[in-house]
$ cat work10.cif   # mmCIF, C-alpha atoms and all ligand atoms
data_entry
loop_
_atom_site.label_atom_id
_atom_site.label_comp_id
_atom_site.auth_asym_id
_atom_site.auth_seq_id
_atom_site.Cartn_x
_atom_site.Cartn_y
_atom_site.Cartn_z
CA MET W 1 0.00 0.00 0.00
CA PHE W 2 1.14 3.52 -0.75
CA TYR W 3 -0.63 6.82 -0.27
CA GLU W 4 0.38 10.41 -0.76
CA ALA W 5 0.49 12.45 2.44
CA GLY W 6 -2.84 14.18 2.98
CA GLN W 7 -4.71 11.50 0.97
CA HIS W 8 -5.29 8.92 3.74
CA LYS W 9 -9.11 9.02 3.41
CA GLU W 10 -8.89 8.27 -0.31
CA ALA W 11 -6.53 5.41 0.60
CA GLY W 12 -9.19 3.95 2.90
CA PHE W 13 -7.91 5.13 6.32
CA PRO W 14 -10.63 6.78 8.45
CA HIS W 15 -7.87 8.35 10.58
CA ASP W 16 -4.47 9.53 9.38
CA PRO W 17 -2.04 6.70 10.29
CA PHE W 18 1.04 8.98 10.31
CA LYS W 19 1.23 9.35 14.09
CA ALA W 20 0.67 5.60 14.53
CA LEU W 21 3.79 4.99 12.46
CA VAL W 22 6.28 7.29 14.19
CA VAL W 23 6.32 5.49 17.50
CA PRO W 24 6.81 5.52 20.39
CA ARG W 25 7.00 9.27 20.92
CA PRO W 26 8.28 10.40 24.34
CA ILE W 27 6.00 12.78 26.17
CA GLY W 28 7.43 16.09 27.32
CA TRP W 29 5.25 17.21 30.19
CA ILE W 30 5.97 20.91 30.11
CA SER W 31 5.62 23.27 33.08
CA THR W 32 5.81 27.01 32.53
CA LEU W 33 4.79 30.21 34.29
CA ASN W 34 2.30 32.67 32.84
CA ASP W 35 2.39 36.46 33.11
CA SER W 36 0.77 36.47 36.53
CA GLY W 37 3.05 33.75 37.87
CA GLY W 38 0.40 31.02 37.49
CA VAL W 39 1.64 27.49 36.76
CA ASN W 40 0.83 25.92 33.41
CA LEU W 41 1.36 22.21 32.76
CA ALA W 42 0.67 20.36 29.49
CA PRO W 43 1.85 17.20 27.69
CA TYR W 44 3.53 17.32 24.28
CA SER W 45 4.37 14.13 22.35
CA PHE W 46 5.96 16.00 19.50
CA PHE W 47 8.87 16.15 21.89
CA ASN W 48 12.40 14.83 21.90
CA ALA W 49 16.08 15.42 22.60
CA VAL W 50 18.07 16.76 19.65
CA ALA W 51 21.55 17.31 21.06
CA SER W 52 23.50 16.21 24.12
CA SER W 53 26.38 18.68 24.35
CA PRO W 54 24.80 20.85 25.51
CA PRO W 55 21.61 18.87 26.08
CA ILE W 56 18.82 20.36 23.94
CA VAL W 57 15.17 19.34 23.78
CA PHE W 58 12.20 20.54 21.78
CA PHE W 59 8.41 20.40 21.97
CA ALA W 60 6.17 21.21 19.05
CA PRO W 61 2.89 23.04 19.61
CA ASN W 62 0.38 22.84 16.78
CA GLY W 63 -3.36 23.12 16.34
CA LYS W 64 -3.46 26.82 17.17
CA SER W 65 -2.27 29.80 15.20
CA ARG W 66 -0.36 32.97 15.87
CA GLN W 67 -3.53 34.87 14.95
CA SER W 68 -5.77 33.11 17.46
CA GLY W 69 -3.00 32.95 20.07
CA VAL W 70 -0.42 30.20 20.35
CA LYS W 71 -0.59 27.47 23.00
CA ASP W 72 0.17 28.60 26.55
CA SER W 73 3.32 26.48 26.95
CA GLN W 74 4.86 28.15 23.91
CA ASP W 75 3.68 31.62 24.88
CA ASN W 76 5.00 31.25 28.43
CA ALA W 77 8.33 29.72 27.36
CA GLU W 78 8.89 32.54 24.89
CA ARG W 79 7.89 35.27 27.36
CA THR W 80 9.76 33.99 30.41
CA GLY W 81 12.65 32.24 28.63
CA GLU W 82 12.22 29.10 30.75
CA PHE W 83 10.38 25.79 30.90
CA VAL W 84 10.65 22.48 32.71
CA VAL W 85 10.21 19.02 31.16
CA ASN W 86 8.76 16.42 33.54
CA LEU W 87 8.75 12.69 32.81
CA ALA W 88 5.25 11.23 32.42
CA THR W 89 5.14 7.80 34.02
CA TRP W 90 2.68 4.91 34.38
CA ASP W 91 1.63 6.15 37.85
CA LEU W 92 1.05 9.67 36.54
CA LYS W 93 -0.63 8.81 33.24
CA GLU W 94 -4.17 9.86 34.23
CA ALA W 95 -2.94 13.14 35.73
CA MET W 96 -0.80 13.78 32.65
CA ASN W 97 -3.83 13.25 30.43
CA GLN W 98 -5.95 15.59 32.55
CA THR W 99 -3.41 18.37 32.14
CA SER W 100 -4.09 18.37 28.38
CA ALA W 101 -7.55 19.83 29.02
CA SER W 102 -8.17 23.41 27.92
CA LEU W 103 -9.05 25.15 31.16
CA PRO W 104 -10.30 28.69 31.81
CA SER W 105 -7.33 30.99 32.49
CA ASN W 106 -8.15 31.20 36.22
CA GLU W 107 -7.88 27.41 36.64
CA ALA W 108 -4.42 25.81 36.90
CA GLU W 109 -3.79 22.40 35.31
CA PRO W 110 -1.76 20.99 38.25
CA GLU W 111 -4.63 21.64 40.70
CA HIS W 112 -7.15 20.31 38.20
CA ALA W 113 -5.13 17.08 37.99
CA GLY W 114 -4.44 16.91 41.76
CA LEU W 115 -0.70 17.40 41.30
CA GLU W 116 1.68 19.05 43.73
CA MET W 117 4.35 21.23 42.16
CA ILE W 118 7.67 21.94 43.87
CA PRO W 119 10.26 24.64 43.18
CA SER W 120 12.94 24.14 40.56
CA LYS W 121 16.55 25.04 41.34
CA LEU W 122 17.63 27.23 38.42
CA VAL W 123 14.42 28.35 36.72
CA GLY W 124 11.10 29.87 37.76
CA PRO W 125 8.63 27.21 36.56
CA PRO W 126 8.18 24.52 39.23
CA ARG W 127 8.36 20.77 38.61
CA VAL W 128 5.91 17.94 39.18
CA LYS W 129 6.75 16.56 42.63
CA ARG W 130 5.77 12.95 41.83
CA SER W 131 7.65 12.86 38.52
CA PRO W 132 10.96 10.99 38.95
CA VAL W 133 12.77 13.03 36.30
CA SER W 134 12.56 16.76 35.58
CA MET W 135 14.76 18.88 33.36
CA GLU W 136 15.06 22.60 33.87
CA CYS W 137 15.37 24.36 30.52
CA ARG W 138 16.40 27.74 29.23
CA TYR W 139 14.38 28.71 26.14
CA LEU W 140 16.54 28.90 23.01
CA GLN W 141 14.37 29.63 19.98
CA THR W 142 11.12 28.90 18.16
CA LEU W 143 11.01 27.60 14.62
CA GLU W 144 7.89 28.02 12.51
CA LEU W 145 7.19 25.15 10.10
CA PRO W 146 4.85 24.99 7.09
CA SER W 147 1.20 24.27 7.80
CA SER W 148 -1.40 22.73 5.53
CA SER W 149 -4.28 24.48 7.30
CA GLN W 150 -5.05 28.18 7.36
CA ASP W 151 -6.13 28.23 11.02
CA THR W 152 -3.24 26.32 12.51
CA ASP W 153 0.48 26.97 12.64
CA ASN W 154 3.21 24.46 13.40
CA PHE W 155 5.95 25.53 15.77
CA VAL W 156 8.96 23.88 17.36
CA VAL W 157 10.19 25.31 20.65
CA PHE W 158 13.79 24.50 21.60
CA GLY W 159 15.34 24.71 25.03
CA GLU W 160 18.71 23.95 26.56
CA VAL W 161 18.60 21.67 29.58
CA ILE W 162 20.51 23.41 32.34
CA GLY W 163 19.55 21.27 35.35
CA LEU W 164 18.40 17.69 35.85
CA HIS W 165 16.51 16.09 38.75
CA ILE W 166 16.61 12.29 38.97
CA ALA W 167 14.87 10.37 41.76
CA ASP W 168 17.47 8.51 43.84
CA ASP W 169 15.70 5.16 43.47
CA LEU W 170 16.26 5.21 39.69
CA ILE W 171 20.05 5.26 40.15
CA ASP W 172 21.73 1.89 40.67
CA ALA W 173 24.93 1.08 42.56
CA LYS W 174 27.02 1.64 39.41
CA GLY W 175 25.58 5.12 38.87
CA MET W 176 23.43 4.02 35.93
CA VAL W 177 19.80 5.10 35.56
CA ASP W 178 17.37 2.17 35.49
CA ILE W 179 14.54 3.80 33.58
CA THR W 180 12.32 0.70 33.88
CA GLN W 181 11.84 1.69 37.54
CA ALA W 182 10.15 4.88 36.35
CA LYS W 183 7.94 3.18 33.74
CA PRO W 184 7.80 6.14 31.32
CA VAL W 185 4.73 6.31 29.11
CA ALA W 186 5.02 7.18 25.44
CA ARG W 187 2.54 8.12 22.78
CA LEU W 188 1.49 5.81 19.95
CA GLY W 189 -1.17 6.57 17.33
CA TYR W 190 -4.88 7.05 17.88
CA MET W 191 -5.66 6.94 21.64
CA ASP W 192 -2.88 4.42 22.31
CA TYR W 193 0.15 4.61 24.59
CA ALA W 194 3.16 2.41 25.34
CA VAL W 195 4.92 1.90 28.65
CA ILE W 196 8.65 1.17 28.93
CA GLU W 197 8.98 -1.81 31.29
CA SER W 198 11.89 -3.70 29.80
CA VAL W 199 15.03 -2.79 27.89
CA PHE W 200 17.73 -4.65 25.99
CA SER W 201 21.32 -3.67 25.21
CA MET W 202 23.44 -3.94 22.07
CA GLN W 203 27.06 -2.93 21.62
CA ARG W 204 27.89 -0.80 18.59
CA PRO W 205 30.08 -2.46 15.92
C1 LIG K 301 -0.25 12.63 25.44
C2 LIG K 301 -0.55 13.94 24.78
C3 LIG K 301 0.35 14.46 23.88
C4 LIG K 301 0.12 15.70 23.26
N1 LIG K 301 1.04 16.17 22.37
C5 LIG K 301 0.84 17.38 21.79
C6 LIG K 301 1.83 17.91 20.88
O1 LIG K 301 2.86 17.31 20.61
N2 LIG K 301 1.57 19.13 20.35
C7 LIG K 301 0.45 19.85 20.65
O2 LIG K 301 0.31 20.95 20.12
N3 LIG K 301 -0.49 19.37 21.49
C8 LIG K 301 -0.32 18.16 22.08
N4 LIG K 301 -1.25 17.67 22.96
C9 LIG K 301 -2.38 18.52 23.32
C10 LIG K 301 -1.96 19.58 24.35
O3 LIG K 301 -1.53 18.96 25.56
C11 LIG K 301 -3.17 20.49 24.65
O4 LIG K 301 -3.48 21.25 23.48
C12 LIG K 301 -2.94 21.42 25.84
O5 LIG K 301 -4.17 22.06 26.16
C13 LIG K 301 -1.91 22.49 25.53
O6 LIG K 301 -1.76 23.23 26.70
P1 LIG K 301 -1.11 24.65 26.77
O7 LIG K 301 -1.93 25.59 25.90
O8 LIG K 301 -1.21 24.94 28.24
O9 LIG K 301 0.31 24.53 26.29
C14 LIG K 301 -1.07 16.43 23.56
C15 LIG K 301 -1.99 15.88 24.47
C16 LIG K 301 -1.75 14.65 25.07
C17 LIG K 301 -2.73 14.07 26.04
#
$ encode --input "work10.cif" --output "structure tokens"
Amino acid sequence: MFYEAGQHKEAGFPHDPFKALVVPRPIGWISTLNDSGGVNLAPYSFFNAVASSPPIVFFAPNGKSRQSGVKDSQDNAERTGEFVVNLATWDLKEAMNQTSASLPSNEAEPEHAGLEMIPSKLVGPPRVKRSPVSMECRYLQTLELPSSSQDTDNFVVFGEVIGLHIADDLIDAKGMVDITQAKPVARLGYMDYAVIESVFSMQRP
């Protein structure tokens, strides 16, 4: 089977399979501060690491446009120059999902999801207390990508990781992180998710 991008319906797919094919996508659970110092928290699965020296991550807001107002995580990261990436785990999956809701501006996502936030060390936005990994980021730049719809824009927001929190119980006696202890959740297509519970190793040739 072959179809041209944008022609999935004609090819017989009721839903675009693209996101079910680029899998699993890690979830960047982004905390930021708004103008009045309120905490914003939202998951982004168009998220990944793109460099390690220095460590650089990105998240990609889409579905809203510059004209109608970009997503809050992007707006806040651009205005304050800071964001925090929290690891979404099996135990936190329902709360993570709840923080994707569009809430009135006077309602904070962490409270809505019953999450306690605790201060970061180097940046203003706090981190999710129950998340075993959080990365404090300094905003670098936003890239605007082409969009095939008039009412939505596609952005990529980059940040440099300047501080990392790792729960002690993820670190083994040899100083290696055992990520299976955290059970990170990742996004698949449709309404599906994966959970990392086992890993295997391979040496490079
Ligand atoms: C698991 C998950 C992954 C998501 N990934 C993205 C994404 O990559 N890009 C995006 O624009 N929205 C994504 N969303 C939707 C946003 O979380 C949602 O639009 C949220 O309200 C944005 O919040 P904000 O305006 O506070 O940034 C995702 C939602 C869920 C549940």
$ closest_atom_pairs --input "work10.cif" --of "region 60-123 of chain W" --to "region 180-191 of chain W" --cutoff "7 Å" --atoms "only C-alpha atoms" --output "Markdown table"
| residue | atom | partner | partner_atom | distance |
| --- | --- | --- | --- | --- |
| W:Leu87 | CA | W:Pro184 | CA | 6.8 |
| W:Ala88 | CA | W:Pro184 | CA | 5.8 |
| W:Thr89 | CA | W:Pro184 | CA | 4.1 |
| W:Trp90 | CA | W:Lys183 | CA | 5.6 |
$ closest_residue --input "work10.cif" --among "W:Ala51, W:Cys137, W:Leu33, W:Leu164" --to "Asp75 (chain W)" --atoms "only C-alpha atoms"
W:Leu33
$ closest_residue --input "work10.cif" --among "W:Pro43, W:Gly159, W:Gly6, W:Pro26" --to "ligand LIG 301 (chain K)" --atoms "only C-alpha atoms and all ligand atoms"
W:Pro43
$ residues_near_point --input "work10.cif" --point "(5.2, 28.9, 32.1)" --cutoff "12 Å" --atoms "only C-alpha atoms" --output "PyMOL selection string"
chain W and resi 29-42+71-85+108-109+123-127+136-139
$ atom_distance --input "work10.cif" --atom1 "CA of Ser65 (chain W)" --atom2 "atom C2 of ligand LIG 301 (chain K)"
18.6 Å
$ atom_distance --input "work10.cif" --atom1 "CA of Phe155 (chain W)" --atom2 "CA of Lys19 (chain W)"
16.9 Å
$ closest_residue --input "work10.cif" --among "W:Met176, W:Val161, W:Leu115, W:Ala194" --to "ligand LIG 301 (chain K)" --atoms "only C-alpha atoms and all ligand atoms"
W:Ala194
$ closest_residue --input "work10.cif" --among "W:Asp192, W:Pro54, W:Arg204, W:Val133" --to "Ala20 (chain W)" --atoms "all atoms listed in the file"
W:Asp192
$ axis_aligned_box --input "work10.cif" --around "ligand LIG 301 (chain K)" --padding-each-side "6 Å" --output "AutoDock Vina command-line options"
--center_x -0.7 --center_y 19.1 --center_z 24.2 --size_x 19.0 --size_y 25.0 --size_z 20.1
$ closest_residue --input "work10.cif" --among "W:Met1, W:Leu103, W:Ile162, W:Leu140" --to "ligand LIG 301 (chain K)" --atoms "only C-alpha atoms and all ligand atoms"
W:Leu103
$ closest_residue --input "work10.cif" --among "W:Thr142, W:Lys121, W:Pro205, W:Asn97" --to "Pro61 (chain W)" --atoms "only C-alpha atoms"
W:Thr142
$ atom_distance --input "work10.cif" --atom1 "atom C3 of ligand LIG 301 (chain K)" --atom2 "CA of Met202 (chain W)"
29.6 Å
$ build_atoms --input "work10.cif" --residues "region 59-74 of chain W" --atoms "N, CA and C atoms" --output "compact mmCIF listing (two decimals), keeping the file's coordinate frame"
# COMPACT_ATOMS: atom_id res chain seq x y z
N PHE W 59 9.81 20.85 22.04
CA PHE W 59 8.41 20.40 21.97
C PHE W 59 7.75 21.20 20.86
N ALA W 60 6.74 20.59 20.25
CA ALA W 60 6.17 21.21 19.05
C ALA W 60 4.67 21.44 19.21
N PRO W 61 4.30 22.71 19.50
CA PRO W 61 2.89 23.04 19.61
C PRO W 61 2.29 23.20 18.22
N ASN W 62 1.11 22.62 18.03
CA ASN W 62 0.38 22.84 16.78
C ASN W 62 -1.10 22.80 17.09
N GLY W 63 -1.91 23.14 16.12
CA GLY W 63 -3.36 23.12 16.34
C GLY W 63 -3.90 24.49 16.70
N LYS W 64 -3.03 25.44 16.92
CA LYS W 64 -3.46 26.82 17.17
C LYS W 64 -2.60 27.72 16.29
N SER W 65 -3.04 28.94 16.10
CA SER W 65 -2.27 29.80 15.20
C SER W 65 -1.80 31.06 15.92
N ARG W 66 -0.84 31.71 15.33
CA ARG W 66 -0.36 32.97 15.87
C ARG W 66 -1.51 33.97 15.98
N GLN W 67 -2.41 33.92 14.96
CA GLN W 67 -3.53 34.87 14.95
C GLN W 67 -4.48 34.65 16.12
N SER W 68 -4.81 33.38 16.39
CA SER W 68 -5.77 33.11 17.46
C SER W 68 -5.08 33.04 18.82
N GLY W 69 -3.75 33.06 18.81
CA GLY W 69 -3.00 32.95 20.07
C GLY W 69 -2.41 31.56 20.17
N VAL W 70 -1.10 31.49 20.31
CA VAL W 70 -0.42 30.20 20.35
C VAL W 70 -0.73 29.49 21.67
N LYS W 71 -0.34 28.23 21.77
CA LYS W 71 -0.59 27.47 23.00
C LYS W 71 0.18 28.11 24.17
N ASP W 72 -0.39 27.93 25.37
CA ASP W 72 0.17 28.60 26.55
C ASP W 72 1.62 28.20 26.83
N SER W 73 1.94 26.93 26.65
CA SER W 73 3.32 26.48 26.95
C SER W 73 4.31 27.25 26.09
N GLN W 74 3.99 27.41 24.83
CA GLN W 74 4.86 28.15 23.91
C GLN W 74 4.93 29.62 24.31
